[in-house]
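Colleague: Here's a structure for you.
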Amino acid sequence: MNRRFGDLVAKHWRLVILCWVIGLLVVCWLTPRWDSVTHDGDLAYLPEDLDSVAGERLLEEAFPIGRSKSEMVVVFARDDFHISVDDQKVIDRIAAQLKNLDAVCELSKDPQSTTAAALLRESLEFDPEFASAWNNLAFCTLAQDKPGEAADYRQLATDYDKSLVSPGDGLLPELAAPLPILDVWTYRHPVFGKQLGSRDKKAQLIVVRLSQEFMATENLALLSDVKSILNEAAAVAPSGLRIGLSGSASVGSEMLQSAAESIASTELLTVILVVAILLVVYRAPLLVTVPLITIVVSIVVAMRLVAALTQVHLLPGFEWWDFKVFTTTRIFVVVILFGAGTDFCLFLISRFREELTTGATNTEAISKTISGVSPALMGSAFTTIVGLAMMFFADFGKFRNSGPAIGFCLAVALAACLTLGPAIVRALGRHVFWPFRIEGHGNQTATSGRFARFWERTASTIVSNPIRVLAICTICMLPFAFVGTSVQVTYNFLSELSPTKPSRIGTDLMQQHFPMGETSPLVVLAKTKRSLSTEEGTSAIRSITSRMYVDGVGAVRSLAAPRGESPEGISIRRTAITAHEITQSLYLSQRPEVGGEVARFEIVLQHDPFSLESIEVLNSLEQLVRHESTDASSFWNGTEFHFTGTTSAIRDLRSVTMGDNVKIQVLVVLGVLAILLVLLRRPLICLYLILSVLLSYYAALGATELFFRFAYGSTFEGLDWKVPLFLFVILVAIGQDYNIYLVTRVFEEQAKIGPFAGLRRAIVQTGGIITSCGVIMAGTFVSMTTGTLRGIVELGFALSLGVLLDTFVVRPILVPAFLALLCRWEAAKGLVTPAAPSPSGSD
C-alpha cells in the first residue's frame with residue numbers, strides 16, 4: 001500500500017501540487033480567519049459545577065444591573081508627604097476626562113441620554129475648563145432640542161479651546177467602538193469615596209468599573225485611551241507625584257497585548273531560526289524552500305480548517321457542538337508544525353538522497369522514499385497526535401480544546417509532508433541539493449558528510465560499552481529528574497507579565513498604600529428563603545459580618561458595613577449610607593427570579609489574591625459558613641453559600657488543573673505506549689522508550705525550575721502552572737518521534753546484516769539527520785523565549801531543553817545502549833546469531 005501511494009505521488013506530482021493550491025484558495029475564501037474566532041482568558045473555562053462558576057451565575061442573576069466584571073484602577077501616590085493641592089488638581093483633571101469618557105459611551109448609544117448629561121456636569125465639577133466636556137454637553141443638549149443652552153455650551157467650549165472649529169457637532173473624543181465602561185468612582189462617590197483614599201493620605205484611587213471580563217478584547221481600546229490620558233497628565237504632574245495603572249482589566253489587557261507580542265516574535269524568529277539552521281547544516285537554498293513552502297501551506301490550511309470547526313454549532317442540529325480556539329494556541333501550532341514539519345521533510349529528503357545514490361531515477365527515488373519512510377513518519381506523527389488528543393479528556397476547557405486543535409493541525413501538516421513536500425522535491429529533482437551534486441553509483445553507501453566518522457566512533461563506543469554509557473548518562477540526569485518530580489508552580493496571573501509593564505508597576509505602587517486584596521475582593525453570596533430586609537435579617541447580616549473577620553481578612557463590606565468598617569454600633573451616617581440606593585443595590589438583591597433573597601459580602605484579604613495564603617483564608621471562611629448553614633439554631637440554617645472572585649476562581653483552577661495533570665499524563669503514556677506497541681511489537685523496547693522519555697521530561701522540568709529560580713531571584717514564585725502539563729504532553733509525544741525513526745531503522749538494518757552490525761549502521765545512518773531535526777525542533781521552541789509572557793518563556797525554555805536532551809542523550813545514547821544490551825542478552829540466550837560487537841572494549 002505504501003509503495004502504491006508512493007507511485008501515485010511520484011507519477012502525478014503536478015496534480016498533487018495543483019490540488020494543494022486549489023485547496024489553499026478554497027479554505028482562504030470560505031473559512032474564517034483564526035484571529036476572528038479566538039478566545040482568551042482562563043477562568044472563563046472552568047467546569048460548570050465548580051463553586052466559583054456557580055457563584056458567578058448567582059451573582060449575574062441576583063445583581064444584574066450595574067455589576068462590574070472587572071476594573072481599571074488609576075493610582076496616585078507620593079512617597080514623601082500627603083497628596084497636595086497641586087496633586088489634587090491633576091487627579092481632578094484625570095477624573096474629569098474619565099467621567100467625560102463614560103458620558104461619551106452613553107451618548108454614542110443615546111444622544112439624548114440624561115445620564116450622560118449628569119456625567120458631563122460631574123466632569124465639569126472636577127475641571128470647569130475642560131473644553132471636551134462642554135463640547136459634549138452642547139452635543140447632548142442639541143439632541144434634546146435645547147438650542148439656547150447648546151449655544152452657551154458651544155461658546156464655553158470655544159473659550160477654553162480655540163482650536164475647536166464647530167463645537168457640539170460631534171463627540172470628543174471620537175470612539176472607534178463603544179467602550180465597556182459602567183461607571184467611574186472617585187473620592188466624591190457618596191458611598192465608597194472614603195475608601196479610595198489611603199489611611200496615610202499619601203495615595204488616592206480612581207476606579208473605572210467595566211462591564212466586560214478582565215481579559216475581554218473590548219477592554220484594549222479603553223486601556224489605550226486611559227494610558228493616553230495618564231501620559232498627558234504625567235507630563236505636567238508636580239514633582240514626586242507617581243501615577244500608575246492597576247486593576248484586573250489592566251492586567252488582563254496587558255496579558256492580551258503580551259500574548260500578541262509573543263505570537264508575533266515567536267512566528268518571526270521561528271522562520272528565521274529554521275532557515276538559518278537549514279542553511280548552516282545543508283548549505284542548499286532549494287532544500288530550505290521545500291519545508292518552508294510545505295509548512296506554510298499546511299499552517300494556513302490547518303488553521304483555517306480549525307477556525308471553521310469553531311463555527312459548526314451554527315449548523316442546524318449541531319447546537320451541542322462546543323469547540324473553541326485560543327489566542328495562545330497559535331504559538332503551539334506554529335512552533336510544533338514548523339519543527340515537526342521540517343523534520344518530516346528532511347527525513348524525506350535524506351531518504352531521497354540515499355535512493356538517488358543507488359542509481360534510481362527521480363520518480364523511482366520519490367516512490368521508494370515515500371514507501372520507505374511513510375510508516376515511520378505516520379507512526380511518529382500519530383504518537384504526537386494521540387498524545388495531544390488525550391487532552392480532550394481534561395475538565396479544564398482550555399486544555400480540552402487546545403490539545404485536539406494542535407493535533408488536528410499536525411495531521412494536516414503530515415498530509416502535506418507526505419504529498420505536497422514529495423511533489424515539490426520531484427519537481428526539483430536532483431537540483432534540490434544545489435550547489436552540490438548527487439551521483440548514482442549503483443550501491444548505497446553507509447553515509448556521507450562531515451560527521452560520518454563521528455557517528456561511526458559513537459556507534460562503536462555504545463555497542464562495545466553499553467552498561468558504562470548507560471550508567472554515566474543516567475547518573476548525570478537523575479539529580480535534575482529528582483528536582484523535576486516536585487516542582488513549584490504558581491497561578492499568579494500578574495507574575496506572568498514583565499516587571500516593566502505598567503500594570504505590574506501600578507499594582508506594586510498600589511500595594512504600598514492599600515491592602516493587597518483591595519482590587520480583587522473575595523465575594524460571598526448567601527441565598528436564603530428568609531427575608532433579609534427585616535430587623536432579624538439585618539441583625540443576622542451584622543452578626544455574620546463580624547464573624548467573617550478570621551485571620552487574614554483585612555475588611556468585610558456588607559449591607560451592615562458598606563465601607564468595611566466595624567459592623568458593631570449604630571450611627572446616623574452609617575444608617576444613611578446603608579439606606580442609600582447604591583448600597584442596597586450592591587449588597588442586597590430581592591429579585592424573585594432567583595428563588596429567594598441574596599446577600600452579598602465583599603472580603604478584602606490581607607494577602608495576594610492569587611496566593612496559597614489567600615486560599616487558606618478562603619477555606620477558613622468556607623468552614624465558617626458551612627457551619628452556619630447546617631446549624632439548626634442559626635438564622636442562616638439551610639442557606640446556600642457561594643464564593644466567587646479571583647481567589648475562589650484560582651482555588652478551583654488549581655484543583656481542576658492538578659486533577660487534569662494526573663489524568664492526562666496517565667492517558668498520554670498509555671496512548672503513546674499503545675502506538676509504540678502497534679508499530680514496534682516489542683513490549684520491552686516500548687516500555688524502555690517510554691521510561692527514557694519520562695526521564696528526560698523530569699530532568700528538563702527540574703533543570704528549568706533551577707534555572708528560573710536563579711534567573712528570577714527573589715521574585716520567583718514557581719513555574720507557570722501550564723508548563724508541567726504542556727511540557728509533558730509535547731515532550732513525551734514528540735520525544736518518541738526520534739525513537740521511532742531510530743528503532744524502525746535499527747530493525748530494518750538488523751534484518752539485513754545482523755543485530756550488532758545493524759545497530760551500528762542504524763546509528764550512523766540516522767545520527768546526522770535526527771540530530772539536525774532535533775536541533776531544528778529545539779530552535780523552534782527557543783523562539784518562544786522571545787515573548788514577554790513568563791509562562792510562554794518558561795515553556796519555550798523547558799521544551800527546547802527537553803528536545804535537546806532527547807536529541808543528544810536519549811536517542812543517540814540511552815536507546816542504542818539499551819538495544820545493545822538487549823542484543824547481548826538475546827545472543828546469550830541463543831535467540832539471535834550475533835556478529836562480533838567490536839574489539840575495542842567490553843563490559
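Residues are referred to by chain and number: the chain letter is A, B, ... according to the order shown in the C-alpha cells, the number counts from 1 in that chain, and ligands are numbered separately from 1 in the order shown.
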Env of Ala405 of chain A: 8 Å cut, atoms = only C-alpha atoms, seq-sep filter 3 positions within chain, self excluded. Answer as a PyMOL selection string.
Modeller: chain A and resi 306+325+401-402+408-409
Colleague: Produce a file of the selected residues containing N, CA and C atoms, as a CSV table (one decimal), in the first residue's frame.
Modeller:
```
chain,number,residue,atom,x,y,z
A,306,VAL,N,-9.4,24.6,11.3
A,306,VAL,CA,-9.8,24.7,12.7
A,306,VAL,C,-10.7,25.8,13.1
A,325,VAL,N,-11.1,27.9,20.1
A,325,VAL,CA,-9.6,28.0,19.9
A,325,VAL,C,-9.2,29.3,20.7
A,401,ASN,N,-9.8,21.9,24.6
A,401,ASN,CA,-9.9,22.3,23.3
A,401,ASN,C,-8.6,22.5,22.6
A,402,SER,N,-7.6,22.9,23.3
A,402,SER,CA,-6.3,23.2,22.7
A,402,SER,C,-5.6,22.0,22.2
A,408,PHE,N,-4.9,18.2,15.4
A,408,PHE,CA,-5.5,18.3,14.0
A,408,PHE,C,-4.6,19.0,13.1
A,409,CYS,N,-4.1,20.1,13.5
A,409,CYS,CA,-3.1,20.9,12.6
A,409,CYS,C,-1.9,20.0,12.3
```
Colleague: Mind checking which residues fall within 9 Å of Thr647 of chain A, counting only C-alpha atoms, ignoring those fewer than 6 positions away in the same chain, and posting them as a list in words?
Modeller: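 Once the adjacent positions are removed, what remains is Ser520, Pro521, Leu522, Asp608, Pro609, Phe610, Ser611, Ser614, Ile615 and Leu618 of chain A.
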Colleague: Taking only C-alpha atoms into account, which of A:Tyr587, A:Tyr738, A:Trp636, A:Phe344 comes nearest Ala561 of chain A?
Modeller: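 Once distances to Ala561 of chain A are computed over only C-alpha atoms, the minimum belongs to A:Tyr587.
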Colleague: Quick one: residues within 8 Å of segment 83-86 of chain A, only C-alpha atoms counted, chain neighbours fewer than 2 positions away excluded, as JSON, numbers by chain?
Modeller: {"A": [77, 78, 81, 88, 89, 90, 201, 202, 203, 238]}
Colleague: Please, which residues of segment 399-592 of chain A, numbered as in this document, come out helix (DSSP H, G or I) from DSSP, as a PyMOL selection string?
Modeller: chain A and resi 399-433+452-464+466-484+494-496+502-511+535-547+572-579+581-587+592
Colleague: Write out as an MDAnalysis selection string each polymer residue whose atoms come within 7 Å of segment 791-798 of chain A, counting only C-alpha atoms; drop sequence neighbours fewer than 5 positions from it.
Modeller: chainID A and resid 496 700:701 704 720 723 727 781:782 784:786
Colleague: How would you write, as an MDAnalysis selection string, the set of residues in segment 240-401 of chain A that DSSP gives as strand (DSSP E or B)?
Modeller: chainID A and resid 242:246 325:326
Colleague: Need to verify the contact set: Leu691 of chain A, 12 Å, only C-alpha atoms, exclusion of same-chain residues closer than 2 positions in sequence. Can you return it as a list of chain:residue names?
Modeller: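 Near neighbours after the sequence-gap exclusion: A:Thr474, A:Val669, A:Val672, A:Leu673, A:Leu684, A:Ile685, A:Cys686, A:Leu687, A:Tyr688, A:Leu689, A:Val693, A:Leu694, A:Leu695, A:Ser696, A:Tyr697, A:Tyr698, A:Val732, A:Gly735, A:Gln736, A:Asn739, A:Val810, A:Leu814, A:Val815, A:Phe818.
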Colleague: For segment 491-524 of chain A versus segment 39-62 of chain A, which residues have an atom no more than 10 Å away, and what is each residue's nearest atom pair and distance in Å rounded to one decimal, using only C-alpha atoms, chain-then-number order, as CSV?
Modeller:
```
residue,atom,partner,partner_atom,distance
A:Phe493,CA,A:Asp42,CA,9.7
A:Val523,CA,A:Gly55,CA,8.6
A:Val524,CA,A:Gly55,CA,8.1
```
Colleague: May I ask for the distance between atom CA of Phe347 of chain A and atom CA of Pro404 of chain A, given in Å to one decimal place?
Modeller: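 Those two atoms sit 25.2 Å apart.
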Colleague: Write out as a ChimeraX atom specification which residues come within 6 Å of segment 424-434 of chain A when counting only C-alpha atoms, dropping same-chain ones fewer than 6 positions away.
Modeller: /A:284,286-287,362
Colleague: When you count only C-alpha atoms, which of these residues is closest to Thr744 of chain A: A:Ser531, A:Thr766, A:Thr644, A:Gln112?
Modeller: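 Ranked by minimum distance to Thr744 of chain A, first place goes to A:Thr766.
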Colleague: Which residues, written as a VMD selection string, have at least one atom at most 12 Å from Asp737 of chain A, with only C-alpha atoms counted and residues fewer than 6 positions away on the same chain left out?
Modeller: chain A and resid 339 to 341 343 to 344 347 375 to 385 387 672 675 to 676 679 689 to 690 693 730 to 731 743 to 744 770 773 to 774 777 803 806 to 807 810 to 811
Colleague: Rank nothing, just name the residue among A:Leu346, A:Val333, A:Val556, A:Ala118 nearest to Gly407 of chain A, using only C-alpha atoms.
Modeller: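 Once distances to Gly407 of chain A are computed over only C-alpha atoms, the minimum belongs to A:Val333.
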Colleague: Of the residues A:Glu826, A:Phe514, A:Thr419, A:Asn492, which is the one nearest to Val9 of chain A, using only C-alpha atoms?
Modeller: A:Thr419
Colleague: Counting only C-alpha atoms, which residue out of A:Leu532, A:Val746, A:Val74, A:Ala233 sits closest to Val184 of chain A?
Modeller: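 Ranked by minimum distance to Val184 of chain A, first place goes to A:Val74.
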